[in-house]
$ cat data05.txt   # compact mmCIF, C-alpha atoms
# COMPACT_ATOMS: atom_id res chain seq x y z
CA MET S 1255 70.80 -66.67 136.06
CA THR S 1256 73.62 -64.46 134.77
CA ALA S 1257 76.48 -66.02 132.85
CA VAL S 1258 79.84 -64.23 132.84
CA ALA S 1259 82.52 -64.24 130.16
CA CYS S 1260 86.08 -64.58 131.39
CA GLU S 1261 88.29 -62.40 129.18
CA LEU S 1262 91.57 -63.46 130.73
CA CYS S 1263 92.73 -66.16 128.35
CA PRO S 1264 92.00 -67.08 124.74
CA ARG S 1265 89.51 -69.73 125.85
CA ARG S 1266 87.08 -66.92 126.73
CA CYS S 1267 84.95 -69.24 128.87
CA VAL S 1268 81.32 -68.27 129.30
CA ILE S 1269 80.61 -69.42 132.82
CA PRO S 1270 77.06 -70.06 134.04
CA GLU S 1271 76.12 -68.99 137.54
CA GLY S 1272 77.64 -71.39 140.06
CA GLY S 1273 79.93 -72.85 137.39
CA ALA S 1274 83.67 -72.73 136.80
CA GLY S 1275 85.82 -72.01 133.76
CA ASP S 1276 88.08 -74.48 132.01
CA CYS S 1277 90.83 -73.71 134.54
CA ARG S 1278 88.56 -74.91 137.41
CA ILE S 1279 89.34 -71.98 139.65
CA ARG S 1280 87.66 -69.01 137.98
CA VAL S 1281 84.02 -69.19 138.99
CA ASN S 1282 80.78 -67.30 138.58
CA LEU S 1283 79.41 -66.43 142.01
CA GLY S 1284 76.19 -64.49 141.85
CA GLY S 1285 77.01 -63.11 138.42
CA LYS S 1286 80.53 -62.01 139.40
CA LEU S 1287 83.76 -63.62 138.26
CA ARG S 1288 85.92 -64.77 141.17
CA ALA S 1289 89.22 -66.63 141.42
CA THR S 1290 88.71 -69.16 144.20
CA THR S 1291 92.41 -69.48 144.94
CA TYR S 1292 93.07 -65.78 145.57
CA GLY S 1293 95.35 -65.68 148.63
CA ARG S 1294 95.25 -69.46 148.83
CA PRO S 1295 98.44 -70.96 147.35
CA SER S 1296 98.98 -74.69 147.54
CA ALA S 1297 102.71 -74.65 146.86
CA ILE S 1298 105.27 -72.30 148.42
CA HIS S 1299 108.97 -72.99 148.09
CA ILE S 1300 112.27 -71.17 148.00
CA ASP S 1301 114.12 -72.24 144.86
CA PRO S 1302 117.30 -71.22 143.06
CA MET S 1303 116.61 -68.74 140.25
CA GLU S 1304 118.17 -71.29 137.89
CA LYS S 1305 115.29 -73.68 138.57
CA LYS S 1306 112.69 -71.44 136.88
CA PRO S 1307 114.87 -71.56 134.68
CA LEU S 1308 116.16 -68.00 134.46
CA PHE S 1309 119.87 -68.07 133.65
CA HIS S 1310 120.42 -64.40 132.78
CA PHE S 1311 118.55 -62.90 135.71
CA HIS S 1312 120.16 -62.51 139.14
CA PRO S 1313 122.13 -65.78 138.90
CA GLY S 1314 122.69 -67.73 142.08
CA THR S 1315 119.95 -65.99 144.07
CA SER S 1316 116.94 -67.47 145.83
CA VAL S 1317 113.41 -66.89 144.67
CA PHE S 1318 110.27 -67.17 146.77
CA SER S 1319 107.97 -69.26 144.58
CA ILE S 1320 104.23 -69.63 144.87
CA ALA S 1321 101.45 -71.39 142.99
CA THR S 1322 97.80 -72.10 143.42
CA ALA S 1323 95.78 -74.95 141.97
CA GLY S 1324 94.42 -74.78 138.42
CA CYS S 1325 95.67 -74.27 134.88
CA ASN S 1326 94.22 -73.20 131.56
CA LEU S 1327 96.24 -75.83 129.69
CA HIS S 1328 95.85 -79.59 130.04
CA CYS S 1329 99.18 -80.97 128.90
CA LEU S 1330 99.24 -84.74 128.70
CA ASN S 1331 102.80 -84.68 130.01
CA CYS S 1332 102.27 -82.18 132.83
CA GLN S 1333 104.88 -82.61 135.54
CA ASN S 1334 102.83 -80.64 138.06
CA TRP S 1335 99.46 -82.24 137.31
CA GLN S 1336 98.61 -82.81 140.97
CA LEU S 1337 98.61 -79.05 141.33
CA SER S 1338 97.60 -77.82 137.91
CA GLN S 1339 94.84 -80.23 136.98
CA ARG S 1340 92.81 -79.73 140.15
CA GLY S 1341 90.60 -77.07 141.58
CA GLY S 1342 91.48 -75.36 144.86
CA GLU S 1343 88.98 -77.40 146.85
CA GLU S 1344 90.56 -80.63 145.59
CA MET S 1345 93.97 -79.89 147.09
CA GLU S 1346 95.11 -81.67 150.23
CA GLN S 1347 96.29 -78.42 151.75
CA ILE S 1348 96.26 -74.73 151.08
CA TYR S 1349 97.94 -71.83 152.80
CA ARG S 1350 96.26 -68.64 153.91
CA ALA S 1351 98.58 -66.08 152.39
CA ASP S 1352 97.27 -62.73 151.25
CA PRO S 1353 99.60 -60.63 149.07
CA PRO S 1354 101.16 -58.56 151.90
CA GLU S 1355 101.95 -61.75 153.85
CA VAL S 1356 103.67 -63.32 150.81
CA VAL S 1357 105.89 -60.28 150.31
CA LYS S 1358 106.68 -60.08 154.02
CA ALA S 1359 107.61 -63.77 154.14
CA ALA S 1360 109.83 -63.44 151.05
CA LYS S 1361 111.69 -60.52 152.63
CA GLU S 1362 112.05 -62.32 155.97
CA GLN S 1363 113.60 -65.25 154.11
CA GLY S 1364 116.11 -62.97 152.39
CA CYS S 1365 114.74 -63.48 148.87
CA GLU S 1366 115.24 -60.70 146.32
CA SER S 1367 112.60 -62.07 143.98
CA LEU S 1368 109.20 -63.67 143.85
CA ALA S 1369 108.17 -66.28 141.28
CA TYR S 1370 104.65 -67.07 140.16
CA THR S 1371 105.16 -70.54 138.82
CA TYR S 1372 104.54 -74.35 138.93
CA SER S 1373 100.92 -74.30 137.74
CA ASP S 1374 100.05 -71.43 135.41
CA PRO S 1375 99.97 -67.98 137.02
CA VAL S 1376 97.56 -66.84 134.29
CA VAL S 1377 94.71 -68.46 136.20
CA PHE S 1378 95.53 -66.76 139.50
CA TYR S 1379 96.11 -63.46 137.72
CA GLU S 1380 94.56 -61.13 140.33
CA TYR S 1381 96.65 -62.69 143.09
CA VAL S 1382 99.79 -62.31 140.96
CA TYR S 1383 98.91 -58.71 140.15
CA ASP S 1384 98.22 -57.60 143.71
CA THR S 1385 101.26 -59.41 145.09
CA SER S 1386 103.47 -57.99 142.33
CA GLU S 1387 102.35 -54.44 143.09
CA ILE S 1388 103.35 -54.76 146.74
CA ALA S 1389 106.57 -56.60 145.87
CA ARG S 1390 107.55 -53.85 143.43
CA ARG S 1391 106.95 -51.18 146.10
CA GLU S 1392 109.08 -53.18 148.54
CA GLY S 1393 111.96 -53.47 146.06
CA LEU S 1394 111.54 -57.14 145.16
CA ASN S 1395 111.64 -58.54 141.62
CA ASN S 1396 108.64 -60.27 140.09
CA THR S 1397 109.33 -63.30 137.92
CA TYR S 1398 106.73 -65.25 136.05
CA HIS S 1399 106.84 -68.76 134.63
CA SER S 1400 103.91 -69.39 132.36
CA ALA S 1401 102.76 -71.17 129.23
CA GLY S 1402 101.81 -67.74 127.94
CA TYR S 1403 98.20 -68.56 127.09
CA ILE S 1404 96.72 -65.20 128.00
CA ASN S 1405 94.95 -62.39 126.18
CA PRO S 1406 97.04 -59.33 125.22
CA LYS S 1407 95.17 -56.76 127.34
CA PRO S 1408 95.60 -58.41 130.76
CA LEU S 1409 99.15 -59.39 129.80
CA ARG S 1410 100.15 -55.80 128.99
CA ARG S 1411 98.63 -54.62 132.26
CA LEU S 1412 100.59 -57.21 134.25
CA SER S 1413 103.82 -56.73 132.29
CA ARG S 1414 104.33 -53.31 133.89
CA LEU S 1415 104.96 -55.14 137.16
CA LEU S 1416 107.06 -58.02 135.86
CA ASP S 1417 110.84 -58.04 135.80
CA ALA S 1418 111.47 -61.40 134.15
CA SER S 1419 109.58 -64.23 132.57
CA ASN S 1420 110.33 -67.72 131.46
CA THR S 1421 107.63 -68.62 129.00
CA ASP S 1422 107.11 -72.07 127.54
CA LEU S 1423 107.04 -72.48 123.80
CA LYS S 1424 105.93 -76.08 123.82
CA ALA S 1425 106.32 -76.66 120.08
CA PHE S 1426 106.32 -74.63 116.91
CA ASP S 1427 103.27 -76.45 115.66
CA ASP S 1428 99.62 -75.63 116.24
CA GLY S 1429 98.62 -79.29 115.84
CA PHE S 1430 100.92 -80.23 118.73
CA TYR S 1431 99.39 -77.50 120.89
CA ARG S 1432 95.86 -78.73 120.18
CA ARG S 1433 96.63 -82.43 120.66
CA VAL S 1434 98.97 -82.32 123.63
CA THR S 1435 98.05 -79.17 125.56
CA GLY S 1436 94.48 -78.34 124.55
CA ALA S 1437 95.59 -74.80 123.62
CA THR S 1438 96.72 -73.10 120.40
CA LEU S 1439 100.06 -71.73 119.24
CA GLN S 1440 99.37 -68.18 118.01
CA PRO S 1441 98.36 -66.63 121.36
CA VAL S 1442 101.61 -67.97 122.88
CA LEU S 1443 103.68 -66.37 120.10
CA ASP S 1444 101.78 -63.10 120.69
CA THR S 1445 102.59 -63.32 124.40
CA LEU S 1446 106.31 -63.74 123.72
CA VAL S 1447 106.35 -60.72 121.43
CA THR S 1448 104.36 -58.64 123.93
CA LEU S 1449 106.69 -59.51 126.82
CA ARG S 1450 109.65 -58.50 124.69
CA GLN S 1451 107.96 -55.22 123.67
CA GLU S 1452 107.10 -54.44 127.28
CA GLY S 1453 110.74 -54.78 128.32
CA VAL S 1454 110.32 -57.84 130.55
CA TRP S 1455 113.52 -59.92 130.62
CA LEU S 1456 112.50 -63.00 128.65
CA GLU S 1457 113.76 -66.56 128.44
CA VAL S 1458 112.01 -69.37 126.59
CA THR S 1459 111.68 -73.05 127.47
CA ASN S 1460 110.98 -75.80 124.97
CA LEU S 1461 110.44 -79.29 126.40
CA VAL S 1462 111.69 -81.70 123.75
CA ILE S 1463 109.47 -84.80 123.63
CA PRO S 1464 110.64 -87.78 121.56
CA THR S 1465 108.67 -88.23 118.33
CA LEU S 1466 106.24 -85.38 119.12
CA ASN S 1467 108.27 -82.17 118.82
CA ASP S 1468 111.90 -83.23 118.33
CA ASP S 1469 111.89 -82.80 114.56
CA LEU S 1470 114.97 -80.76 113.67
CA ALA S 1471 113.15 -78.86 110.93
CA MET S 1472 110.62 -77.68 113.54
CA ILE S 1473 113.39 -76.73 115.98
CA ARG S 1474 115.00 -74.74 113.16
CA ARG S 1475 111.75 -72.89 112.38
CA MET S 1476 111.20 -72.16 116.08
CA ALA S 1477 114.73 -70.86 116.59
CA GLY S 1478 114.45 -68.76 113.42
CA TRP S 1479 111.22 -67.23 114.64
CA MET S 1480 112.81 -66.46 118.01
CA ARG S 1481 115.83 -64.86 116.32
CA ASP S 1482 113.65 -62.65 114.12
CA GLU S 1483 110.86 -61.74 116.56
CA LEU S 1484 112.53 -61.83 119.98
CA GLY S 1485 116.18 -61.26 119.07
CA PRO S 1486 119.15 -63.64 118.95
CA ASP S 1487 120.08 -62.87 122.56
CA THR S 1488 116.90 -64.45 123.94
CA PRO S 1489 117.98 -67.53 125.89
CA LEU S 1490 116.37 -70.81 124.85
CA HIS S 1491 116.20 -73.72 127.28
CA LEU S 1492 115.79 -77.11 125.60
CA SER S 1493 114.54 -79.35 128.37
CA ARG S 1494 114.58 -83.10 128.67
CA PHE S 1495 111.19 -84.80 128.81
CA GLN S 1496 110.47 -87.38 131.51
CA PRO S 1497 107.41 -89.66 131.24
CA GLN S 1498 104.67 -88.09 133.35
CA TYR S 1499 100.93 -88.01 133.96
CA ARG S 1500 99.13 -89.23 130.83
CA MET S 1501 102.24 -89.56 128.69
CA ARG S 1502 104.07 -92.48 130.19
CA ASN S 1503 104.31 -94.34 126.89
CA LEU S 1504 107.30 -92.34 125.66
CA PRO S 1505 110.89 -92.65 126.89
CA PRO S 1506 112.93 -89.75 128.34
CA THR S 1507 114.49 -87.60 125.63
CA PRO S 1508 117.89 -88.99 124.62
CA VAL S 1509 120.64 -86.50 125.46
CA GLU S 1510 121.92 -86.85 121.88
CA ALA S 1511 118.57 -85.55 120.59
CA LEU S 1512 118.91 -82.50 122.84
CA ASP S 1513 122.46 -81.97 121.61
CA ARG S 1514 121.27 -82.10 117.99
CA ALA S 1515 118.44 -79.66 118.72
CA ARG S 1516 120.87 -77.30 120.45
CA ARG S 1517 123.29 -77.35 117.52
CA GLU S 1518 120.40 -76.58 115.19
CA ALA S 1519 119.26 -73.59 117.28
CA LEU S 1520 122.83 -72.26 117.54
CA ASP S 1521 123.28 -72.69 113.77
CA VAL S 1522 120.18 -70.62 113.14
CA GLY S 1523 121.74 -67.80 115.11
CA LEU S 1524 120.52 -67.93 118.71
CA HIS S 1525 123.39 -67.01 121.03
CA TYR S 1526 122.36 -68.72 124.26
CA VAL S 1527 120.90 -72.22 123.99
CA TYR S 1528 120.85 -74.31 127.15
CA ILE S 1529 120.03 -77.93 127.89
CA GLY S 1530 117.83 -78.50 130.93
CA ASN S 1531 116.97 -81.51 133.11
CA VAL S 1532 120.40 -83.03 132.36
CA PRO S 1533 122.52 -82.10 135.40
CA GLY S 1534 126.20 -81.81 134.66
CA HIS S 1535 125.76 -81.26 130.91
CA GLU S 1536 128.14 -78.63 129.56
CA ALA S 1537 125.17 -76.78 128.08
CA ASN S 1538 123.92 -75.98 131.61
CA SER S 1539 126.57 -73.24 131.51
CA THR S 1540 126.80 -69.84 129.82
CA TYR S 1541 129.47 -69.19 127.20
CA CYS S 1542 130.48 -65.97 125.47
CA PRO S 1543 129.05 -66.06 121.94
CA SER S 1544 132.08 -64.12 120.64
CA ASP S 1545 135.05 -66.06 121.95
CA GLY S 1546 133.54 -69.11 123.68
CA THR S 1547 134.80 -68.19 127.17
CA LEU S 1548 132.99 -70.08 129.93
CA LEU S 1549 131.20 -67.29 131.79
CA ILE S 1550 128.88 -68.95 134.29
CA ARG S 1551 129.49 -72.57 135.16
CA ARG S 1552 126.42 -74.39 136.45
CA VAL S 1553 125.83 -77.90 137.62
CA GLY S 1554 122.12 -78.43 137.47
CA PHE S 1555 120.56 -75.48 139.27
CA MET S 1556 123.75 -74.53 141.10
CA VAL S 1557 126.03 -71.71 140.01
CA VAL S 1558 129.53 -73.04 140.62
CA GLU S 1559 131.47 -70.16 139.11
CA ASN S 1560 130.53 -66.73 137.75
CA LYS S 1561 133.25 -64.96 135.75
CA LEU S 1562 131.14 -62.09 134.41
CA THR S 1563 132.53 -58.67 135.17
CA ALA S 1564 130.59 -56.32 137.44
CA GLU S 1565 129.13 -54.74 134.29
CA GLY S 1566 127.93 -58.13 132.98
CA CYS S 1567 130.68 -58.47 130.36
CA CYS S 1568 132.89 -61.29 129.17
CA PRO S 1569 136.21 -60.93 131.07
CA THR S 1570 138.18 -61.90 127.94
CA CYS S 1571 136.68 -59.96 125.04
CA LYS S 1572 134.61 -57.46 127.11
CA GLN S 1573 131.46 -58.16 125.12
CA ARG S 1574 128.34 -57.24 127.05
CA ILE S 1575 126.26 -60.34 127.85
CA PRO S 1576 122.56 -59.50 127.86
CA GLY S 1577 120.69 -60.08 131.08
CA VAL S 1578 119.88 -58.57 134.46
CA TRP S 1579 122.90 -59.49 136.48
CA LYS S 1580 122.30 -57.62 139.74
CA MET E 1033 76.64 -140.37 150.78
CA LYS E 1034 77.33 -140.29 154.43
CA THR E 1035 75.45 -137.60 156.34
CA GLU E 1036 77.71 -135.55 158.54
CA HIS E 1037 76.28 -134.57 161.86
CA VAL E 1038 77.65 -131.41 163.37
CA ARG E 1039 77.28 -130.87 167.05
CA ALA E 1040 74.89 -128.04 168.00
CA GLY E 1041 77.60 -126.10 169.91
CA LYS E 1042 80.03 -126.27 167.02
CA GLN E 1043 77.28 -125.21 164.58
CA LEU E 1044 76.52 -122.14 166.70
CA GLY E 1045 80.21 -121.19 166.77
CA ARG E 1046 80.46 -121.48 163.01
CA ARG E 1047 77.35 -119.34 162.48
CA ARG E 1048 78.73 -116.65 164.77
CA PHE E 1049 82.02 -116.69 162.92
CA LEU E 1050 80.29 -116.40 159.54
CA ALA E 1051 78.10 -113.56 160.84
CA LEU E 1052 81.18 -111.70 162.08
CA LEU E 1053 82.92 -112.23 158.75
CA GLY E 1054 79.86 -110.95 156.85
CA GLY E 1055 79.64 -107.91 159.11
CA LEU E 1056 83.28 -107.04 158.58
CA GLY E 1057 82.85 -107.39 154.81
CA ALA E 1058 79.78 -105.17 154.75
CA ALA E 1059 81.52 -102.52 156.89
CA GLY E 1060 84.56 -102.57 154.61
CA ALA E 1061 82.42 -102.18 151.50
CA ALA E 1062 80.45 -99.30 153.03
CA TYR E 1063 83.51 -97.40 154.33
CA PRO E 1064 84.29 -95.48 151.11
CA LEU E 1065 80.64 -94.39 150.94
CA LEU E 1066 80.70 -92.70 154.34
CA PRO E 1067 80.47 -88.88 154.20
CA ARG E 1068 83.86 -87.37 154.89
CA ASP E 1069 85.24 -83.88 155.10
CA ARG E 1070 87.24 -83.59 151.86
CA ARG E 1071 88.06 -79.92 152.20
CA PRO E 1072 91.75 -79.06 152.01
CA ARG E 1073 93.64 -78.58 155.23
CA GLU E 1074 94.14 -74.83 155.72
CA LEU E 1075 97.49 -73.75 157.07
CA SER E 1076 98.93 -70.39 157.93
CA LEU E 1077 102.07 -69.20 156.18
CA ARG E 1078 103.98 -69.73 159.45
CA GLU E 1079 103.37 -73.46 159.14
CA ALA E 1080 104.97 -73.69 155.68
CA ASP E 1081 108.38 -75.32 155.27
CA PHE E 1082 109.77 -73.24 152.41
CA TYR E 1083 112.85 -75.42 152.05
CA ARG E 1084 111.08 -78.78 151.91
CA PRO E 1085 112.39 -80.70 148.88
CA HIS E 1086 109.81 -80.89 146.11
CA ASP E 1087 109.52 -82.07 142.55
CA HIS E 1088 107.46 -79.29 141.03
CA ALA E 1089 108.81 -78.21 137.67
CA GLY E 1090 109.38 -74.49 137.13

$ encode --input "data05.txt" --output "structure tokens"
Amino acid sequence: MTAVACELCPRRCVIPEGGAGDCRIRVNLGGKLRATTYGRPSAIHIDPMEKKPLFHFHPGTSVFSIATAGCNLHCLNCQNWQLSQRGGEEMEQIYRADPPEVVKAAKEQGCESLAYTYSDPVVFYEYVYDTSEIARREGLNNTYHSAGYINPKPLRRLSRLLDASNTDLKAFDDGFYRRVTGATLQPVLDTLVTLRQEGVWLEVTNLVIPTLNDDLAMIRRMAGWMRDELGPDTPLHLSRFQPQYRMRNLPPTPVEALDRARREALDVGLHYVYIGNVPGHEANSTYCPSDGTLLIRRVGFMVVENKLTAEGCCPTCKQRIPGVWK
Amino acid sequence: MKTEHVRAGKQLGRRRFLALLGGLGAAGAAYPLLPRDRRPRELSLREADFYRPHDHAG
């Protein structure tokens, strides 16, 4: 009996023969590590780019989004638990979709980008990698929505193929990570820094949960860290919590709490702080940090108006707005 | 106490009814234990509806 060590994420599972890692989908078959969901996504959708959310990356375009079962985090509030907290064999349906078929389908549907999303693409890493290689050759963008709980070596290898990432920073508190997600904070911070160093366009999402991570002092520390380590132009999405999965005892985040958190993050010096899961809120939109001009007006995931110049500048003061605009 | 006499034909009908009821109960209790194919349904990419509304976050 040969056990194998999975080096992909900080859990470093040692998997006995015939067993599976913590993510449920990385298994030891005859002494070899296999991902059971390779080429077998359970969710395939075409979404607006704004849904990822990526607000400074090809706004208003469609993104071909795929996910398989499994996750290496176990968030009590997971919104996608039916997908993420199951193994591939527990799904009701799966698609047969090898990497070339995914890229072909995305092109046929007129999508410029692919997204590896919904569950955590860390656990279907090989599938993401192979699909991204083909997509890159075919001129498509690769976007990646993850909780960032991955070891530096595989992340650096994958980063070469990624164009944009929205990475969750679930709280700026290791205790929160351990209690609510079953993971730890430091590897996520390392991931954010690595993505920035590797030149991947990066946006960060923080789901604000009442009483658990809505403390303004913590928001201030998190925003300060982002400003210093990732740069003040890194967009931060403060998202509204909805009771889900094993965390139905807490109410949805009050919009006022999100407003307070946003003011705090702007005060610290971040230039682009958005409020998510509150359709119609003025902070769904992008404003020029210099003169306050409304640049991209959004209602929910829809771009209603885009006033950026062809060069991605504010039409009023001509300041360049960071992002990948086309 | 007054003894109640039930006619033989009526008694037989009642026994049959109770037997049927017991059988249905036993079948219902055993149903979840039956072996079933729990494997996911495999679909080709052509069968996917990419624009179907969904509530996945991200």

$ closest_residue --input "data05.txt" --among "S:Thr1570, S:Thr1256, S:Thr1291, S:Thr1488" --to "Leu1548 (chain S)" --atoms "only C-alpha atoms"
S:Thr1570

$ closest_atom_pairs --input "data05.txt" --of "chain E" --to "chain S" --cutoff "9 Å" --atoms "only C-alpha atoms" --output "Markdown table"
| residue | atom | partner | partner_atom | distance |
| --- | --- | --- | --- | --- |
| E:Arg1070 | CA | S:Glu1344 | CA | 7.7 |
| E:Arg1071 | CA | S:Glu1343 | CA | 6.0 |
| E:Pro1072 | CA | S:Gln1347 | CA | 4.6 |
| E:Arg1073 | CA | S:Gln1347 | CA | 4.4 |
| E:Glu1074 | CA | S:Ile1348 | CA | 5.1 |
| E:Leu1075 | CA | S:Tyr1349 | CA | 4.7 |
| E:Ser1076 | CA | S:Arg1350 | CA | 5.1 |
| E:Leu1077 | CA | S:Tyr1349 | CA | 5.9 |
| E:Arg1078 | CA | S:Ala1359 | CA | 8.8 |
| E:Glu1079 | CA | S:Tyr1349 | CA | 8.5 |
| E:Ala1080 | CA | S:Ile1298 | CA | 7.4 |
| E:Asp1081 | CA | S:His1299 | CA | 7.6 |
| E:Phe1082 | CA | S:His1299 | CA | 4.4 |
| E:Tyr1083 | CA | S:Ile1300 | CA | 5.9 |
| E:Arg1084 | CA | S:His1299 | CA | 7.3 |
| E:Pro1085 | CA | S:His1299 | CA | 8.5 |
| E:His1086 | CA | S:His1299 | CA | 8.2 |
| E:Asp1087 | CA | S:Asn1334 | CA | 8.2 |
| E:His1088 | CA | S:Asn1334 | CA | 5.7 |
| E:Ala1089 | CA | S:Tyr1372 | CA | 5.9 |
| E:Gly1090 | CA | S:Lys1306 | CA | 4.5 |

$ closest_residue --input "data05.txt" --among "S:Gly1530, S:Pro1497, S:Gly1453, S:Gly1393" --to "Ser1413 (chain S)" --atoms "all atoms listed in the file"
S:Gly1453

$ atom_distance --input "data05.txt" --atom1 "CA of Asp1521 (chain S)" --atom2 "CA of Thr1540 (chain S)"
16.7 Å

$ axis_aligned_box --input "data05.txt" --around "region 1286-1291 of chain S" --padding-each-side "4 Å" --output "AutoDock Vina command-line options"
--center_x 86.5 --center_y -65.7 --center_z 141.6 --size_x 19.9 --size_y 15.5 --size_z 14.7

$ atom_distance --input "data05.txt" --atom1 "CA of Phe1309 (chain S)" --atom2 "CA of Leu1394 (chain S)"
17.9 Å

$ residues_around --input "data05.txt" --residues "region 1456-1468 of chain S" --least-positions-apart "2" --cutoff "9 Å" --atoms "all atoms listed in the file" --output "CSV table (one decimal) with C-alpha atoms, in the coordinates of the input"
chain,number,residue,atom,x,y,z
S,1307,PRO,CA,114.9,-71.6,134.7
S,1308,LEU,CA,116.2,-68.0,134.5
S,1309,PHE,CA,119.9,-68.1,133.6
S,1310,HIS,CA,120.4,-64.4,132.8
S,1417,ASP,CA,110.8,-58.0,135.8
S,1418,ALA,CA,111.5,-61.4,134.2
S,1419,SER,CA,109.6,-64.2,132.6
S,1420,ASN,CA,110.3,-67.7,131.5
S,1421,THR,CA,107.6,-68.6,129.0
S,1422,ASP,CA,107.1,-72.1,127.5
S,1423,LEU,CA,107.0,-72.5,123.8
S,1424,LYS,CA,105.9,-76.1,123.8
S,1425,ALA,CA,106.3,-76.7,120.1
S,1426,PHE,CA,106.3,-74.6,116.9
S,1427,ASP,CA,103.3,-76.4,115.7
S,1430,PHE,CA,100.9,-80.2,118.7
S,1446,LEU,CA,106.3,-63.7,123.7
S,1449,LEU,CA,106.7,-59.5,126.8
S,1450,ARG,CA,109.6,-58.5,124.7
S,1453,GLY,CA,110.7,-54.8,128.3
S,1454,VAL,CA,110.3,-57.8,130.6
S,1470,LEU,CA,115.0,-80.8,113.7
S,1471,ALA,CA,113.2,-78.9,110.9
S,1472,MET,CA,110.6,-77.7,113.5
S,1473,ILE,CA,113.4,-76.7,116.0
S,1484,LEU,CA,112.5,-61.8,120.0
S,1488,THR,CA,116.9,-64.4,123.9
S,1489,PRO,CA,118.0,-67.5,125.9
S,1490,LEU,CA,116.4,-70.8,124.8
S,1491,HIS,CA,116.2,-73.7,127.3
S,1492,LEU,CA,115.8,-77.1,125.6
S,1493,SER,CA,114.5,-79.4,128.4
S,1494,ARG,CA,114.6,-83.1,128.7
S,1495,PHE,CA,111.2,-84.8,128.8
S,1496,GLN,CA,110.5,-87.4,131.5
S,1504,LEU,CA,107.3,-92.3,125.7
S,1505,PRO,CA,110.9,-92.6,126.9
S,1506,PRO,CA,112.9,-89.8,128.3
S,1507,THR,CA,114.5,-87.6,125.6
S,1508,PRO,CA,117.9,-89.0,124.6
S,1511,ALA,CA,118.6,-85.6,120.6
S,1512,LEU,CA,118.9,-82.5,122.8
S,1515,ALA,CA,118.4,-79.7,118.7
S,1530,GLY,CA,117.8,-78.5,130.9

$ atom_distance --input "data05.txt" --atom1 "CA of Gly1272 (chain S)" --atom2 "CA of Arg1288 (chain S)"
10.7 Å

$ decode --input "data05.txt" --residues "region 1048-1076 of chain E" --atoms "C-alpha atoms" --output "mmCIF file, in the first residue's frame"
data_model
loop_
_atom_site.group_PDB
_atom_site.id
_atom_site.type_symbol
_atom_site.label_atom_id
_atom_site.label_comp_id
_atom_site.auth_asym_id
_atom_site.auth_seq_id
_atom_site.Cartn_x
_atom_site.Cartn_y
_atom_site.Cartn_z
ATOM 1 C CA ARG E 1048 -57.307 -9.304 3.821
ATOM 2 C CA PHE E 1049 -57.455 -5.559 4.223
ATOM 3 C CA LEU E 1050 -55.054 -5.644 7.181
ATOM 4 C CA ALA E 1051 -52.680 -7.935 5.278
ATOM 5 C CA LEU E 1052 -52.697 -5.538 2.312
ATOM 6 C CA LEU E 1053 -52.057 -2.590 4.605
ATOM 7 C CA GLY E 1054 -49.151 -4.427 6.293
ATOM 8 C CA GLY E 1055 -47.678 -5.342 2.919
ATOM 9 C CA LEU E 1056 -47.822 -1.770 1.699
ATOM 10 C CA GLY E 1057 -46.159 -0.559 4.909
ATOM 11 C CA ALA E 1058 -43.367 -3.113 4.659
ATOM 12 C CA ALA E 1059 -42.760 -2.247 0.989
ATOM 13 C CA GLY E 1060 -42.632 1.455 1.803
ATOM 14 C CA ALA E 1061 -40.158 0.902 4.626
ATOM 15 C CA ALA E 1062 -37.924 -1.291 2.456
ATOM 16 C CA TYR E 1063 -37.923 1.061 -0.575
ATOM 17 C CA PRO E 1064 -35.034 3.301 0.552
ATOM 18 C CA LEU E 1065 -32.944 0.187 1.213
ATOM 19 C CA LEU E 1066 -33.214 -1.081 -2.356
ATOM 20 C CA PRO E 1067 -29.940 -0.914 -4.328
ATOM 21 C CA ARG E 1068 -30.065 1.960 -6.771
ATOM 22 C CA ASP E 1069 -27.724 3.396 -9.340
ATOM 23 C CA ARG E 1070 -26.537 6.610 -7.652
ATOM 24 C CA ARG E 1071 -23.937 7.500 -10.240
ATOM 25 C CA PRO E 1072 -24.263 10.977 -11.735
ATOM 26 C CA ARG E 1073 -25.995 11.335 -15.056
ATOM 27 C CA GLU E 1074 -23.302 11.877 -17.706
ATOM 28 C CA LEU E 1075 -24.099 14.405 -20.398
ATOM 29 C CA SER E 1076 -22.188 15.604 -23.405
#
